[in-house]
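Novice: Sharing a structure here in structure tokens format.
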Amino acid sequence: MKILKYFFEYLIIKFFFSLFIILGYRKSSNLGAIIISTIGPLFKSKKIIQDNIKKINNKIDNERINNIIKKMWSNYGRILSDYMFIKDFRNAKLQEYIEIEGSDILEKIKLEKKPVVFVSGHFNNFELMAMQIEKSGVKLATIYRPLNNFFLNKTMEDIRKKYICKHQIKKGLPGVRDMLEFFKKGYSIALMIDQRVSEGIKSNLFGQAALTTTIPAQLVKKFKCKVVPIYIQRINNFNYKIKINKPINFNQDESIENITQYLNNTLESMILKNPEQWILTHNRWK
């Protein structure tokens, strides 16, 4: 049954991707927002989303919660349509829709040729962050989690390798070995630190313990590298602003736990900017 479900999902997504290509970027973005705003609530538990919002802000009222949820589904739909235009974002055609703050930081990282760890969360079309880092000339490898739907996963891997970042590292133990090899060869690593990981440690996120990856902290301890937080914001539905924050140079005496907590605090500040632009459907504190 699961195979049939995945194949059906694959056919639906491929249909919409074909339609999006015909419509163009802006019309597709609007259509994607309408589609996912309509069907998204049918497939995901509203309670998980509400609980996540209350964890972020326990003083929020129901009207504001519902407004955030509405904007979140709309954003999800726009992200879906974006994937059909990744090639155009990579090239000059849609570059005007992306603003970069901190490009001088990327230039310095490129010239110094010392690998760093880029960290962020699943904000908006997060793929565009790795794309812009690689476009800047920084040698980069990214860590990704394969989709459960293996039909769709092949399509997504092709898009990622062609237009986002050539070097993709699959999450898991084999991926850790690949990551270390890339780092030793001078490649910076980009990863999301906002998802629950069974091999992580419990670190505080919005006042509650959350299993959190220690990969950035371990790389800091092993290679004495810097960590660069990066954030992407959607503006006026169609535009993006990517902010490259100043590199963090951790003291080598800092523990794995303290470094991980510091990065979670940084993640909190990103989420609070636009909660509706974060992946609120993920059961982060399970």
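Quick note on naming: the chains in the structure tokens go A, B, ... in the order shown, residues restart at 1 in each chain, and ligands are numbered from 1 in order of appearance.
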Can you pull out the residues contacting range 251-264 of chain A? Cut-off 12 Å, using only C-alpha atoms, and skip same-chain residues under 5 positions away; I want them as a PyMOL selection string.
Specialist: chain A and resi 117-121+192-195+200-230+269-271
Novice: Using the chain letters and numbers from this document, which residues of range 158-276 of chain A does DSSP assign to strand (DSSP E), as JSON, numbers by chain?
Specialist: {"A": [167, 168, 169, 170, 188, 189, 190, 191, 192, 201, 202, 203, 204, 205, 208, 209, 210, 211, 212, 227, 228, 229, 230, 231, 232, 233, 234, 235, 239, 240, 241, 242, 243, 244]}
Novice: Please produce a file of those selected residues containing C-alpha atoms, as a short mmCIF file (atom, residue, chain, number, x, y, z; two decimals), in the first residue's frame.
Specialist:
data_model
loop_
_atom_site.label_atom_id
_atom_site.label_comp_id
_atom_site.auth_asym_id
_atom_site.auth_seq_id
_atom_site.Cartn_x
_atom_site.Cartn_y
_atom_site.Cartn_z
CA HIS A 167 28.23 17.55 -3.39
CA GLN A 168 25.35 16.02 -1.42
CA ILE A 169 26.01 13.98 1.73
CA LYS A 170 23.33 11.56 2.82
CA SER A 188 32.78 23.79 3.98
CA ILE A 189 29.75 21.89 5.28
CA ALA A 190 26.15 23.14 5.31
CA LEU A 191 23.47 21.50 7.43
CA MET A 192 20.11 22.11 9.06
CA ILE A 201 21.90 15.34 22.63
CA LYS A 202 19.14 17.04 24.57
CA SER A 203 19.56 20.78 24.22
CA ASN A 204 17.19 23.55 25.25
CA LEU A 205 14.98 25.00 22.50
CA GLN A 208 12.16 22.57 26.40
CA ALA A 209 14.63 19.76 25.81
CA ALA A 210 15.03 18.84 22.13
CA LEU A 211 17.28 16.17 20.63
CA THR A 212 19.78 18.22 18.63
CA VAL A 227 30.42 28.37 12.41
CA VAL A 228 28.39 30.64 10.13
CA PRO A 229 24.64 30.98 10.80
CA ILE A 230 22.60 31.73 7.70
CA TYR A 231 18.93 32.67 7.35
CA ILE A 232 16.50 33.03 4.44
CA GLN A 233 13.37 35.17 4.60
CA ARG A 234 10.48 35.36 2.14
CA ILE A 235 9.43 38.93 1.34
CA ASN A 239 11.28 37.63 -3.12
CA TYR A 240 13.94 36.22 -0.83
CA LYS A 241 16.54 37.78 1.40
CA ILE A 242 19.45 35.60 2.49
CA LYS A 243 21.47 36.85 5.45
CA ILE A 244 24.98 35.52 6.04
#
Novice: Would you return as a list in words the members of range 206-241 of chain A that DSSP assigns to helix (DSSP H, G or I) on this structure's backbone?
Specialist: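 After running DSSP on the backbone, range 206-241 of chain A has helix (DSSP H, G or I) at Ile215, Pro216, Ala217, Gln218, Leu219, Val220, Lys221, Lys222 and Phe223 of chain A.
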Novice: Those same residues - C-alpha atoms - I'd like them written as a compact mmCIF listing (two decimals), in the first residue's frame.
Specialist:
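Resulting contents of result07.txt:
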# COMPACT_ATOMS: atom_id res chain seq x y z
CA ILE A 215 27.83 17.75 14.21
CA PRO A 216 28.70 21.48 14.20
CA ALA A 217 30.11 21.29 17.73
CA GLN A 218 32.14 18.18 16.92
CA LEU A 219 33.63 19.81 13.83
CA VAL A 220 34.52 22.88 15.90
CA LYS A 221 36.29 20.72 18.49
CA LYS A 222 38.10 18.57 15.92
CA PHE A 223 39.12 21.18 13.33
Novice: Any idea what's packed within 12 Å of Leu42 in chain A, counting only C-alpha atoms, ignoring anything in its chain fewer than 6 positions away? Could you give it as a VMD selection string?
Specialist: chain A and resid 35 to 36 73
Novice: Can I get the selection written as an mmCIF file, in the first residue's frame, with N, CA and C atoms?
Specialist:
data_model
loop_
_atom_site.group_PDB
_atom_site.id
_atom_site.type_symbol
_atom_site.label_atom_id
_atom_site.label_comp_id
_atom_site.auth_asym_id
_atom_site.auth_seq_id
_atom_site.Cartn_x
_atom_site.Cartn_y
_atom_site.Cartn_z
ATOM 1 N N ILE A 35 -3.245 25.802 -3.584
ATOM 2 C CA ILE A 35 -3.385 24.338 -3.526
ATOM 3 C C ILE A 35 -3.043 23.799 -2.140
ATOM 4 N N ILE A 36 -1.874 24.167 -1.628
ATOM 5 C CA ILE A 36 -1.433 23.615 -0.340
ATOM 6 C C ILE A 36 -2.241 24.197 0.815
ATOM 7 N N TRP A 73 0.851 27.435 5.565
ATOM 8 C CA TRP A 73 0.415 26.602 4.438
ATOM 9 C C TRP A 73 0.630 27.314 3.111
#
Novice: What's around range 1-16 of chain A at 9 Å? Count only C-alpha atoms, leave out sequence neighbours fewer than 2 positions away in its own chain, and write the answer as a PDB file with C-alpha atoms, in the first residue's frame.
Specialist:
ATOM      1  CA  SER A  18       4.536  20.362 -15.477  1.00  0.00           C
ATOM      2  CA  LEU A  19       1.750  22.872 -14.907  1.00  0.00           C
ATOM      3  CA  PHE A  20       4.053  25.248 -13.022  1.00  0.00           C
ATOM      4  CA  ILE A  21       6.505  25.310 -15.933  1.00  0.00           C
ATOM      5  CA  GLY A  32       0.950  26.555  -5.175  1.00  0.00           C
ATOM      6  CA  LEU A  80       6.608  23.557  -3.718  1.00  0.00           C
ATOM      7  CA  SER A  81       6.312  25.657  -6.866  1.00  0.00           C
ATOM      8  CA  ASN A 148      10.629   8.806   2.437  1.00  0.00           C
ATOM      9  CA  ASN A 149       8.983   8.743  -0.987  1.00  0.00           C
ATOM     10  CA  PHE A 150      11.712   7.078  -3.067  1.00  0.00           C
ATOM     11  CA  PHE A 151       9.973   8.004  -6.336  1.00  0.00           C
ATOM     12  CA  LEU A 152      10.130  11.709  -5.489  1.00  0.00           C
TER      13      LEU A 152
END
Novice: Can you tell me, as a compact mmCIF listing (two decimals) with N, CA and C atoms, in the first residue's frame, what residues are no more than 12 Å from Ile56 in chain A when counting only C-alpha atoms, ignoring any on the same chain fewer than 4 positions away?
Specialist:
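The file below, part_19.txt, is the result:
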# COMPACT_ATOMS: atom_id res chain seq x y z
N ILE A 49 0.97 21.42 14.98
CA ILE A 49 1.33 22.78 14.56
C ILE A 49 1.01 23.78 15.67
N GLN A 50 -0.18 23.65 16.25
CA GLN A 50 -0.57 24.56 17.34
C GLN A 50 0.37 24.42 18.54
N ASP A 51 0.70 23.18 18.89
CA ASP A 51 1.61 22.95 20.02
C ASP A 51 2.98 23.56 19.76
N ASN A 52 3.47 23.43 18.53
CA ASN A 52 4.77 24.02 18.19
C ASN A 52 4.74 25.53 18.32
N ILE A 60 0.68 33.49 23.13
CA ILE A 60 0.00 33.84 21.89
C ILE A 60 -1.48 33.47 21.95
N ILE A 65 -2.49 32.45 16.34
CA ILE A 65 -2.10 31.08 15.98
C ILE A 65 -2.69 30.69 14.62
N ILE A 68 -0.92 32.46 11.78
CA ILE A 68 0.38 31.86 11.49
C ILE A 68 0.21 30.58 10.68
N LEU A 205 15.52 24.22 23.62
CA LEU A 205 14.98 25.00 22.50
C LEU A 205 13.63 25.55 22.93
N PHE A 206 13.55 26.85 23.07
CA PHE A 206 12.34 27.51 23.57
C PHE A 206 11.88 26.92 24.91
N GLY A 207 12.86 26.69 25.78
CA GLY A 207 12.54 26.27 27.14
C GLY A 207 12.26 24.80 27.33
N GLN A 208 12.40 24.01 26.28
CA GLN A 208 12.16 22.57 26.40
C GLN A 208 13.30 21.78 25.76
N LEU A 267 19.28 29.69 16.59
CA LEU A 267 18.14 29.19 15.82
C LEU A 267 16.83 29.79 16.33
N GLU A 268 16.70 29.90 17.63
CA GLU A 268 15.49 30.50 18.22
C GLU A 268 15.26 31.91 17.67
N SER A 269 16.32 32.70 17.63
CA SER A 269 16.18 34.09 17.16
C SER A 269 15.75 34.13 15.71
N MET A 270 16.19 33.15 14.92
CA MET A 270 15.77 33.08 13.51
C MET A 270 14.28 32.73 13.41
N ILE A 271 13.86 31.74 14.17
CA ILE A 271 12.47 31.29 14.13
C ILE A 271 11.52 32.42 14.54
N LEU A 272 11.91 33.18 15.56
CA LEU A 272 11.05 34.23 16.08
C LEU A 272 10.82 35.36 15.08
N LYS A 273 11.72 35.52 14.12
CA LYS A 273 11.55 36.58 13.12
C LYS A 273 10.27 36.38 12.32
N ASN A 274 10.06 35.14 11.87
CA ASN A 274 8.87 34.81 11.08
C ASN A 274 8.47 33.37 11.36
N PRO A 275 7.74 33.10 12.45
CA PRO A 275 7.40 31.72 12.80
C PRO A 275 6.69 30.97 11.67
N GLU A 276 5.88 31.68 10.89
CA GLU A 276 5.13 31.04 9.81
C GLU A 276 6.02 30.57 8.66
N TRP A 278 8.82 28.88 9.17
CA TRP A 278 9.57 27.73 9.66
C TRP A 278 8.74 26.47 9.44
N LEU A 280 6.80 24.21 10.80
CA LEU A 280 5.99 24.00 12.01
C LEU A 280 5.29 22.65 12.04
N ARG A 284 9.08 18.62 16.54
CA ARG A 284 10.47 18.87 16.97
C ARG A 284 10.77 18.37 18.37
N TRP A 285 9.80 18.44 19.26
CA TRP A 285 10.07 18.12 20.67
C TRP A 285 9.58 16.74 21.07
Novice: Would you kindly return, as an MDAnalysis selection string, each protein, DNA or RNA residue with an atom no farther than 12 Å from any atom of range 90-100 of chain A, considering only C-alpha atoms and excluding same-chain residues fewer than 3 positions away?
Specialist: chainID A and resid 24:26 82:87 103:106 125 127:136 159:165 230:245
Novice: Grab the CA of Lys27 in chain A to CA of Tyr76 in chain A distance for me, in Å with one decimal place.
Specialist: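 Straight-line distance from CA of Lys27 in chain A to CA of Tyr76 in chain A works out to 15.1 Å.
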Novice: Calculate how many Å separate CA of Gln277 in chain A from CA of Asn30 in chain A, rounding to one decimal.
Specialist: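 Separation of CA of Gln277 in chain A and CA of Asn30 in chain A: 16.0 Å.
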